[in-house]
Structure formats: structure tokens, C-alpha cells
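Coordinates from entry.txt are shown below (compact mmCIF, N, CA and C atoms).
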```
# COMPACT_ATOMS: atom_id res chain seq x y z
N MET A 10 -15.70 11.97 -0.01
CA MET A 10 -14.69 11.28 0.80
C MET A 10 -15.32 10.03 1.40
N ASN A 11 -14.68 8.92 1.21
CA ASN A 11 -15.15 7.65 1.72
C ASN A 11 -14.83 7.58 3.21
N SER A 12 -15.86 7.63 4.03
CA SER A 12 -15.63 7.72 5.48
C SER A 12 -15.26 6.37 6.10
N ASP A 13 -15.62 5.28 5.44
CA ASP A 13 -15.35 3.97 6.04
C ASP A 13 -14.18 3.28 5.34
N MET A 14 -13.08 4.02 5.22
CA MET A 14 -11.88 3.46 4.61
C MET A 14 -11.26 2.44 5.54
N ILE A 15 -11.05 1.25 5.03
CA ILE A 15 -10.43 0.21 5.83
C ILE A 15 -9.03 -0.02 5.28
N ILE A 16 -8.05 0.16 6.15
CA ILE A 16 -6.66 -0.07 5.77
C ILE A 16 -6.08 -1.08 6.77
N ASN A 17 -5.85 -2.29 6.29
CA ASN A 17 -5.25 -3.34 7.12
C ASN A 17 -3.75 -3.32 6.91
N ILE A 18 -3.00 -3.22 8.00
CA ILE A 18 -1.54 -3.22 7.90
C ILE A 18 -1.01 -4.47 8.57
N GLN A 19 -0.27 -5.25 7.80
CA GLN A 19 0.35 -6.46 8.34
C GLN A 19 1.85 -6.32 8.19
N SER A 20 2.56 -6.38 9.31
CA SER A 20 4.01 -6.35 9.26
C SER A 20 4.52 -7.74 9.61
N VAL A 21 5.27 -8.33 8.71
CA VAL A 21 5.72 -9.71 8.84
C VAL A 21 7.06 -9.77 9.58
N HIS A 22 7.08 -10.49 10.68
CA HIS A 22 8.29 -10.72 11.49
C HIS A 22 8.86 -9.46 12.15
N PHE A 23 8.05 -8.41 12.26
CA PHE A 23 8.48 -7.24 13.03
C PHE A 23 7.23 -6.46 13.42
N LYS A 24 7.39 -5.59 14.40
CA LYS A 24 6.26 -4.75 14.81
C LYS A 24 6.46 -3.37 14.22
N ALA A 25 5.50 -2.97 13.38
CA ALA A 25 5.60 -1.65 12.75
C ALA A 25 5.42 -0.57 13.81
N SER A 26 6.29 0.43 13.77
CA SER A 26 6.20 1.53 14.74
C SER A 26 4.95 2.36 14.47
N GLU A 27 4.56 3.15 15.45
CA GLU A 27 3.41 4.05 15.29
C GLU A 27 3.64 4.99 14.11
N ASP A 28 4.86 5.51 14.00
CA ASP A 28 5.19 6.43 12.90
C ASP A 28 5.03 5.76 11.54
N LEU A 29 5.51 4.52 11.44
CA LEU A 29 5.39 3.80 10.17
C LEU A 29 3.93 3.52 9.85
N GLN A 30 3.17 3.09 10.84
CA GLN A 30 1.75 2.83 10.62
C GLN A 30 1.02 4.11 10.18
N GLN A 31 1.36 5.23 10.79
CA GLN A 31 0.73 6.50 10.43
C GLN A 31 1.11 6.89 9.00
N HIS A 32 2.38 6.67 8.65
CA HIS A 32 2.86 6.96 7.29
C HIS A 32 2.06 6.15 6.27
N VAL A 33 1.88 4.86 6.56
CA VAL A 33 1.11 3.99 5.66
C VAL A 33 -0.32 4.51 5.53
N GLN A 34 -0.95 4.81 6.68
CA GLN A 34 -2.33 5.31 6.67
C GLN A 34 -2.44 6.58 5.82
N ASP A 35 -1.54 7.53 6.05
CA ASP A 35 -1.58 8.82 5.34
C ASP A 35 -1.46 8.64 3.83
N LYS A 36 -0.52 7.80 3.41
CA LYS A 36 -0.26 7.63 1.98
C LYS A 36 -1.35 6.80 1.30
N VAL A 37 -1.76 5.70 1.94
CA VAL A 37 -2.75 4.81 1.33
C VAL A 37 -4.12 5.48 1.29
N ARG A 38 -4.41 6.30 2.28
CA ARG A 38 -5.70 7.00 2.34
C ARG A 38 -5.94 7.81 1.06
N LYS A 39 -4.87 8.35 0.50
CA LYS A 39 -5.00 9.17 -0.72
C LYS A 39 -5.51 8.35 -1.90
N LEU A 40 -5.24 7.05 -1.90
CA LEU A 40 -5.72 6.20 -3.00
C LEU A 40 -7.25 6.13 -3.00
N PHE A 41 -7.84 6.21 -1.81
CA PHE A 41 -9.30 6.15 -1.71
C PHE A 41 -9.93 7.37 -2.38
N ASP A 42 -9.18 8.48 -2.44
CA ASP A 42 -9.69 9.69 -3.11
C ASP A 42 -9.77 9.50 -4.62
N HIS A 43 -8.95 8.60 -5.16
CA HIS A 43 -8.92 8.37 -6.61
C HIS A 43 -10.02 7.44 -7.09
N ASN A 44 -10.53 6.60 -6.18
CA ASN A 44 -11.53 5.63 -6.57
C ASN A 44 -12.46 5.37 -5.39
N ASP A 45 -13.71 5.77 -5.50
CA ASP A 45 -14.63 5.61 -4.37
C ASP A 45 -15.22 4.21 -4.28
N LYS A 46 -14.79 3.31 -5.18
CA LYS A 46 -15.28 1.93 -5.13
C LYS A 46 -14.37 1.01 -4.32
N ILE A 47 -13.24 1.54 -3.86
CA ILE A 47 -12.31 0.72 -3.08
C ILE A 47 -12.98 0.32 -1.77
N ILE A 48 -13.02 -0.99 -1.51
CA ILE A 48 -13.61 -1.49 -0.27
C ILE A 48 -12.60 -1.41 0.86
N ARG A 49 -11.39 -1.89 0.57
CA ARG A 49 -10.34 -1.81 1.59
C ARG A 49 -8.98 -1.94 0.94
N ALA A 50 -7.96 -1.60 1.71
CA ALA A 50 -6.58 -1.75 1.27
C ALA A 50 -5.88 -2.68 2.25
N ASP A 51 -5.29 -3.73 1.72
CA ASP A 51 -4.50 -4.65 2.54
C ASP A 51 -3.03 -4.33 2.27
N VAL A 52 -2.33 -3.91 3.32
CA VAL A 52 -0.92 -3.52 3.19
C VAL A 52 -0.06 -4.54 3.93
N LYS A 53 0.93 -5.05 3.23
CA LYS A 53 1.84 -6.02 3.84
C LYS A 53 3.24 -5.46 3.76
N LEU A 54 3.92 -5.39 4.89
CA LEU A 54 5.30 -4.92 4.97
C LEU A 54 6.18 -6.10 5.36
N PHE A 55 7.22 -6.33 4.58
CA PHE A 55 8.08 -7.47 4.88
C PHE A 55 9.46 -7.25 4.29
N GLU A 56 10.41 -8.05 4.74
CA GLU A 56 11.79 -7.98 4.26
C GLU A 56 12.11 -9.22 3.46
N GLU A 57 12.86 -9.02 2.40
CA GLU A 57 13.40 -10.14 1.64
C GLU A 57 14.83 -9.77 1.31
N GLY A 58 15.67 -10.74 1.25
CA GLY A 58 17.02 -10.38 0.86
C GLY A 58 17.96 -11.54 0.94
N ASN A 59 18.84 -11.59 -0.02
CA ASN A 59 19.92 -12.57 0.00
C ASN A 59 21.16 -11.80 0.40
N GLY A 60 21.37 -11.68 1.69
CA GLY A 60 22.52 -10.91 2.16
C GLY A 60 22.17 -9.44 2.34
N VAL A 61 21.51 -8.85 1.34
CA VAL A 61 21.11 -7.44 1.43
C VAL A 61 19.60 -7.40 1.66
N ALA A 62 19.22 -6.96 2.82
CA ALA A 62 17.80 -6.92 3.14
C ALA A 62 17.13 -5.76 2.42
N THR A 63 16.08 -6.08 1.70
CA THR A 63 15.28 -5.05 1.04
C THR A 63 13.92 -5.05 1.72
N GLN A 64 13.41 -3.87 1.98
CA GLN A 64 12.13 -3.75 2.66
C GLN A 64 11.05 -3.55 1.61
N TYR A 65 10.03 -4.39 1.71
CA TYR A 65 8.97 -4.38 0.70
C TYR A 65 7.65 -3.92 1.27
N CYS A 66 6.88 -3.31 0.38
CA CYS A 66 5.50 -2.96 0.68
C CYS A 66 4.67 -3.56 -0.45
N GLU A 67 3.65 -4.32 -0.06
CA GLU A 67 2.72 -4.86 -1.03
C GLU A 67 1.33 -4.35 -0.64
N ILE A 68 0.63 -3.75 -1.58
CA ILE A 68 -0.70 -3.22 -1.30
C ILE A 68 -1.69 -3.86 -2.26
N ARG A 69 -2.76 -4.37 -1.70
CA ARG A 69 -3.87 -4.91 -2.50
C ARG A 69 -5.07 -4.02 -2.25
N LEU A 70 -5.55 -3.39 -3.31
CA LEU A 70 -6.77 -2.59 -3.21
C LEU A 70 -7.93 -3.49 -3.62
N VAL A 71 -8.85 -3.71 -2.69
CA VAL A 71 -10.00 -4.56 -2.97
C VAL A 71 -11.09 -3.70 -3.58
N ILE A 72 -11.34 -3.93 -4.88
CA ILE A 72 -12.33 -3.19 -5.65
C ILE A 72 -13.23 -4.21 -6.32
N PRO A 73 -14.54 -4.08 -6.19
CA PRO A 73 -15.44 -5.08 -6.80
C PRO A 73 -15.11 -5.32 -8.27
N GLY A 74 -14.81 -6.58 -8.59
CA GLY A 74 -14.55 -6.97 -9.97
C GLY A 74 -13.16 -6.66 -10.49
N ASP A 75 -12.35 -5.94 -9.73
CA ASP A 75 -11.06 -5.53 -10.29
C ASP A 75 -10.07 -5.11 -9.19
N ASP A 76 -9.54 -6.08 -8.45
CA ASP A 76 -8.54 -5.75 -7.43
C ASP A 76 -7.26 -5.28 -8.09
N HIS A 77 -6.58 -4.35 -7.44
CA HIS A 77 -5.27 -3.88 -7.92
C HIS A 77 -4.23 -4.27 -6.88
N ILE A 78 -3.11 -4.83 -7.35
CA ILE A 78 -2.04 -5.22 -6.43
C ILE A 78 -0.73 -4.65 -6.96
N ALA A 79 0.07 -4.11 -6.05
CA ALA A 79 1.41 -3.64 -6.43
C ALA A 79 2.36 -3.95 -5.29
N LYS A 80 3.62 -4.18 -5.65
CA LYS A 80 4.65 -4.48 -4.65
C LYS A 80 5.93 -3.78 -5.09
N LYS A 81 6.52 -3.06 -4.16
CA LYS A 81 7.78 -2.37 -4.44
C LYS A 81 8.73 -2.58 -3.28
N GLY A 82 10.00 -2.62 -3.61
CA GLY A 82 11.03 -2.75 -2.59
C GLY A 82 11.90 -1.51 -2.56
N ALA A 83 12.42 -1.20 -1.39
CA ALA A 83 13.30 -0.03 -1.24
C ALA A 83 14.17 -0.24 -0.01
N ALA A 84 15.03 0.73 0.23
CA ALA A 84 15.93 0.65 1.38
C ALA A 84 15.18 0.85 2.69
N THR A 85 14.06 1.58 2.64
CA THR A 85 13.25 1.81 3.85
C THR A 85 11.79 1.48 3.55
N TYR A 86 11.05 1.16 4.59
CA TYR A 86 9.62 0.89 4.41
C TYR A 86 8.90 2.14 3.92
N GLU A 87 9.31 3.29 4.42
CA GLU A 87 8.65 4.54 4.02
C GLU A 87 8.74 4.75 2.51
N LYS A 88 9.93 4.52 1.96
CA LYS A 88 10.13 4.69 0.51
C LYS A 88 9.36 3.62 -0.26
N ALA A 89 9.36 2.40 0.25
CA ALA A 89 8.63 1.32 -0.41
C ALA A 89 7.13 1.63 -0.46
N VAL A 90 6.61 2.20 0.63
CA VAL A 90 5.19 2.57 0.67
C VAL A 90 4.91 3.66 -0.38
N LEU A 91 5.76 4.68 -0.43
CA LEU A 91 5.57 5.77 -1.40
C LEU A 91 5.58 5.22 -2.83
N ASP A 92 6.54 4.36 -3.14
CA ASP A 92 6.66 3.82 -4.50
C ASP A 92 5.46 2.95 -4.86
N THR A 93 4.98 2.16 -3.90
CA THR A 93 3.85 1.28 -4.16
C THR A 93 2.57 2.09 -4.37
N VAL A 94 2.36 3.10 -3.54
CA VAL A 94 1.18 3.97 -3.69
C VAL A 94 1.22 4.67 -5.05
N ASP A 95 2.41 5.14 -5.43
CA ASP A 95 2.57 5.82 -6.70
C ASP A 95 2.22 4.89 -7.87
N THR A 96 2.68 3.66 -7.80
CA THR A 96 2.38 2.66 -8.84
C THR A 96 0.88 2.41 -8.92
N LEU A 97 0.24 2.25 -7.78
CA LEU A 97 -1.21 2.00 -7.77
C LEU A 97 -1.98 3.19 -8.33
N ARG A 98 -1.51 4.38 -8.04
CA ARG A 98 -2.17 5.59 -8.56
C ARG A 98 -2.13 5.56 -10.10
N LYS A 99 -0.98 5.18 -10.66
CA LYS A 99 -0.85 5.09 -12.11
C LYS A 99 -1.74 4.00 -12.68
N VAL A 100 -1.79 2.85 -12.01
CA VAL A 100 -2.64 1.74 -12.45
C VAL A 100 -4.11 2.17 -12.48
N MET A 101 -4.55 2.86 -11.43
CA MET A 101 -5.94 3.31 -11.39
C MET A 101 -6.22 4.35 -12.46
N ARG A 102 -5.27 5.21 -12.73
CA ARG A 102 -5.45 6.24 -13.75
C ARG A 102 -5.63 5.56 -15.12
N ARG A 103 -4.79 4.54 -15.39
CA ARG A 103 -4.91 3.81 -16.66
C ARG A 103 -6.23 3.05 -16.74
N ALA A 104 -6.67 2.49 -15.62
CA ALA A 104 -7.90 1.68 -15.61
C ALA A 104 -9.13 2.53 -15.90
N LYS A 105 -9.06 3.81 -15.58
CA LYS A 105 -10.21 4.70 -15.80
C LYS A 105 -10.41 5.00 -17.29
N LYS A 106 -9.35 4.87 -18.07
CA LYS A 106 -9.43 5.25 -19.49
C LYS A 106 -10.20 4.21 -20.30
```

Exercise: express the given structure as C-alpha cells:
Amino acid sequence: MNSDMIINIQSVHFKASEDLQQHVQDKVRKLFDHNDKIIRADVKLFEEGNGVATQYCEIRLVIPGDDHIAKKGAATYEKAVLDTVDTLRKVMRRAKK
């Protein structure tokens, strides 16, 4: 287990609640279990929308020589975080092969 996991959470134009921040920490922390070379995870939460606001989560995993980035949108930040983490898990699984 990587004890010095760094997870930076940036919420654009809003203040992320404690619950949301904890949700991000819990889900993103699991990615560190898949790859012990991850230096840090930069998480950005933001809204985009033309009339219909979609909440986005973008995660950049900083890995020496091979950063992984994924971005997913959903109706809630919690769902966007889950989808983005899931995508990154698949990307890392493919990268190992």
C-alpha cells in the first residue's frame, strides 16, 4: 500500500462538500492499489453545459513516463467520479499487458 498517496481535488466555481471530497478520496485511492508507480492524482470537478448542466470529473494520474487522463460527465459529481475511476482502471489494466 502506497502510504504517501497524494490526491489533489480542485472544484471549479464551487466548493466541494466534505462528503464529495471524501467520496473522491475513497474512489481514487483504489487506483493507487492498481499501480504503485502513481505519484499523485489530480482531480478536477467542474460543470459544463449548454442549458443542461453536466457535472464532470477529470482525473490525471501522474505516473513517471506515462500519465493517464480520463474525463467523464454525469448528472452528479459522485457518478462522474465513479465513471472516471472505472475508465482509468481499464486503461491501467490494458497498459499492463

Nearby residues (only C-alpha atoms) at most 6 Å from region 14-28 of chain A, same-chain spacing under 4 positions excluded, as a short mmCIF file (atom, residue, chain, number, x, y, z; two decimals) with N, CA and C atoms, keeping the file's coordinate frame:
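Heads up, here's the output in out_27.cif:
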```
data_model
loop_
_atom_site.label_atom_id
_atom_site.label_comp_id
_atom_site.auth_asym_id
_atom_site.auth_seq_id
_atom_site.Cartn_x
_atom_site.Cartn_y
_atom_site.Cartn_z
N ARG A 49 -11.39 -1.89 0.57
CA ARG A 49 -10.34 -1.81 1.59
C ARG A 49 -8.98 -1.94 0.94
N ALA A 50 -7.96 -1.60 1.71
CA ALA A 50 -6.58 -1.75 1.27
C ALA A 50 -5.88 -2.68 2.25
N ASP A 51 -5.29 -3.73 1.72
CA ASP A 51 -4.50 -4.65 2.54
C ASP A 51 -3.03 -4.33 2.27
N VAL A 52 -2.33 -3.91 3.32
CA VAL A 52 -0.92 -3.52 3.19
C VAL A 52 -0.06 -4.54 3.93
N LYS A 53 0.93 -5.05 3.23
CA LYS A 53 1.84 -6.02 3.84
C LYS A 53 3.24 -5.46 3.76
N LEU A 54 3.92 -5.39 4.89
CA LEU A 54 5.30 -4.92 4.97
C LEU A 54 6.18 -6.10 5.36
N PHE A 55 7.22 -6.33 4.58
CA PHE A 55 8.08 -7.47 4.88
C PHE A 55 9.46 -7.25 4.29
#
```

### Task
Give the strand (DSSP E or B) residues of chain A, as assigned by DSSP on the backbone, as a PyMOL selection string.
chain A and resi 15-20+49-57+63-71+77-83

### Message
I need the residue nearest Asp92 (chain A) from this list: A:Ile48, A:Ile72, A:Leu40, A:Ala79. Use all atoms listed in the file for the distance.
### Response
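Smallest distance to Asp92 (chain A) is found for A:Ala79.
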
### Task
Name the residues of region 16-65 of chain A that come out as alpha helix (DSSP H) in a backbone DSSP run; write them as a PyMOL selection string.
chain A and resi 27-43

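Computed from the coordinates, the CA of Lys105 (chain A) to CA of Glu87 (chain A) distance equals 27.4 Å.
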
#### Entry: Nearest to Ala62 (chain A), chosen from A:Val37, A:Ile47, A:Ala84, A:Val94, with all atoms listed in the file counted in the distances
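For Ala62 (chain A), the nearest of the given residues is A:Ala84.
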
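Straight-line separation from atom N of Leu97 (chain A) to CA of Glu67 (chain A): 10.1 Å.
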
### Task
In the coordinate frame of the file, compute which residues have an atom within 10 Å of (-0.3, 0.0, -7.8) when using only C-alpha atoms, and state them as JSON, numbers by chain.
{"A": [40, 67, 68, 69, 70, 77, 78, 79, 80, 81, 92, 93, 94, 95, 96, 97, 98, 99, 100, 101]}

Taking every listed atom of region 65-76 of chain A and adding 5 Å to each side, what centre and edge lengths in Å (one decimal) does the axis-aligned box have, as lines of an AutoDock Vina configuration file?
```
center_x = -2.7
center_y = -4.8
center_z = -4.4
size_x = 35.5
size_y = 14.4
size_z = 22.2
```

### Message
So that I can check the surroundings of Gly82 (chain A), please list as a list in words every protein, DNA and RNA residue that reaches within 6 Å of it, counting all atoms listed in the file and ignoring chain neighbours fewer than 5 positions away.
### Response
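Here the answer would be Thr63, Gln64, Tyr65, Cys66 and Ala89 of chain A.
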
Export of the given selection (N, CA and C atoms) as a CSV table (one decimal), in the frame of the given file:
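Dumped everything to result-v8.csv:
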```csv
chain,number,residue,atom,x,y,z
A,63,THR,N,16.1,-6.1,1.7
A,63,THR,CA,15.3,-5.0,1.0
A,63,THR,C,13.9,-5.0,1.7
A,64,GLN,N,13.4,-3.9,2.0
A,64,GLN,CA,12.1,-3.8,2.7
A,64,GLN,C,11.0,-3.6,1.6
A,65,TYR,N,10.0,-4.4,1.7
A,65,TYR,CA,9.0,-4.4,0.7
A,65,TYR,C,7.6,-3.9,1.3
A,66,CYS,N,6.9,-3.3,0.4
A,66,CYS,CA,5.5,-3.0,0.7
A,66,CYS,C,4.7,-3.6,-0.4
A,89,ALA,N,9.4,2.4,0.2
A,89,ALA,CA,8.6,1.3,-0.4
A,89,ALA,C,7.1,1.6,-0.5
```

## Note on the structure
As a check of understanding: the span from atom C of His32 (chain A) to atom C of Thr85 (chain A) is 11.1 Å
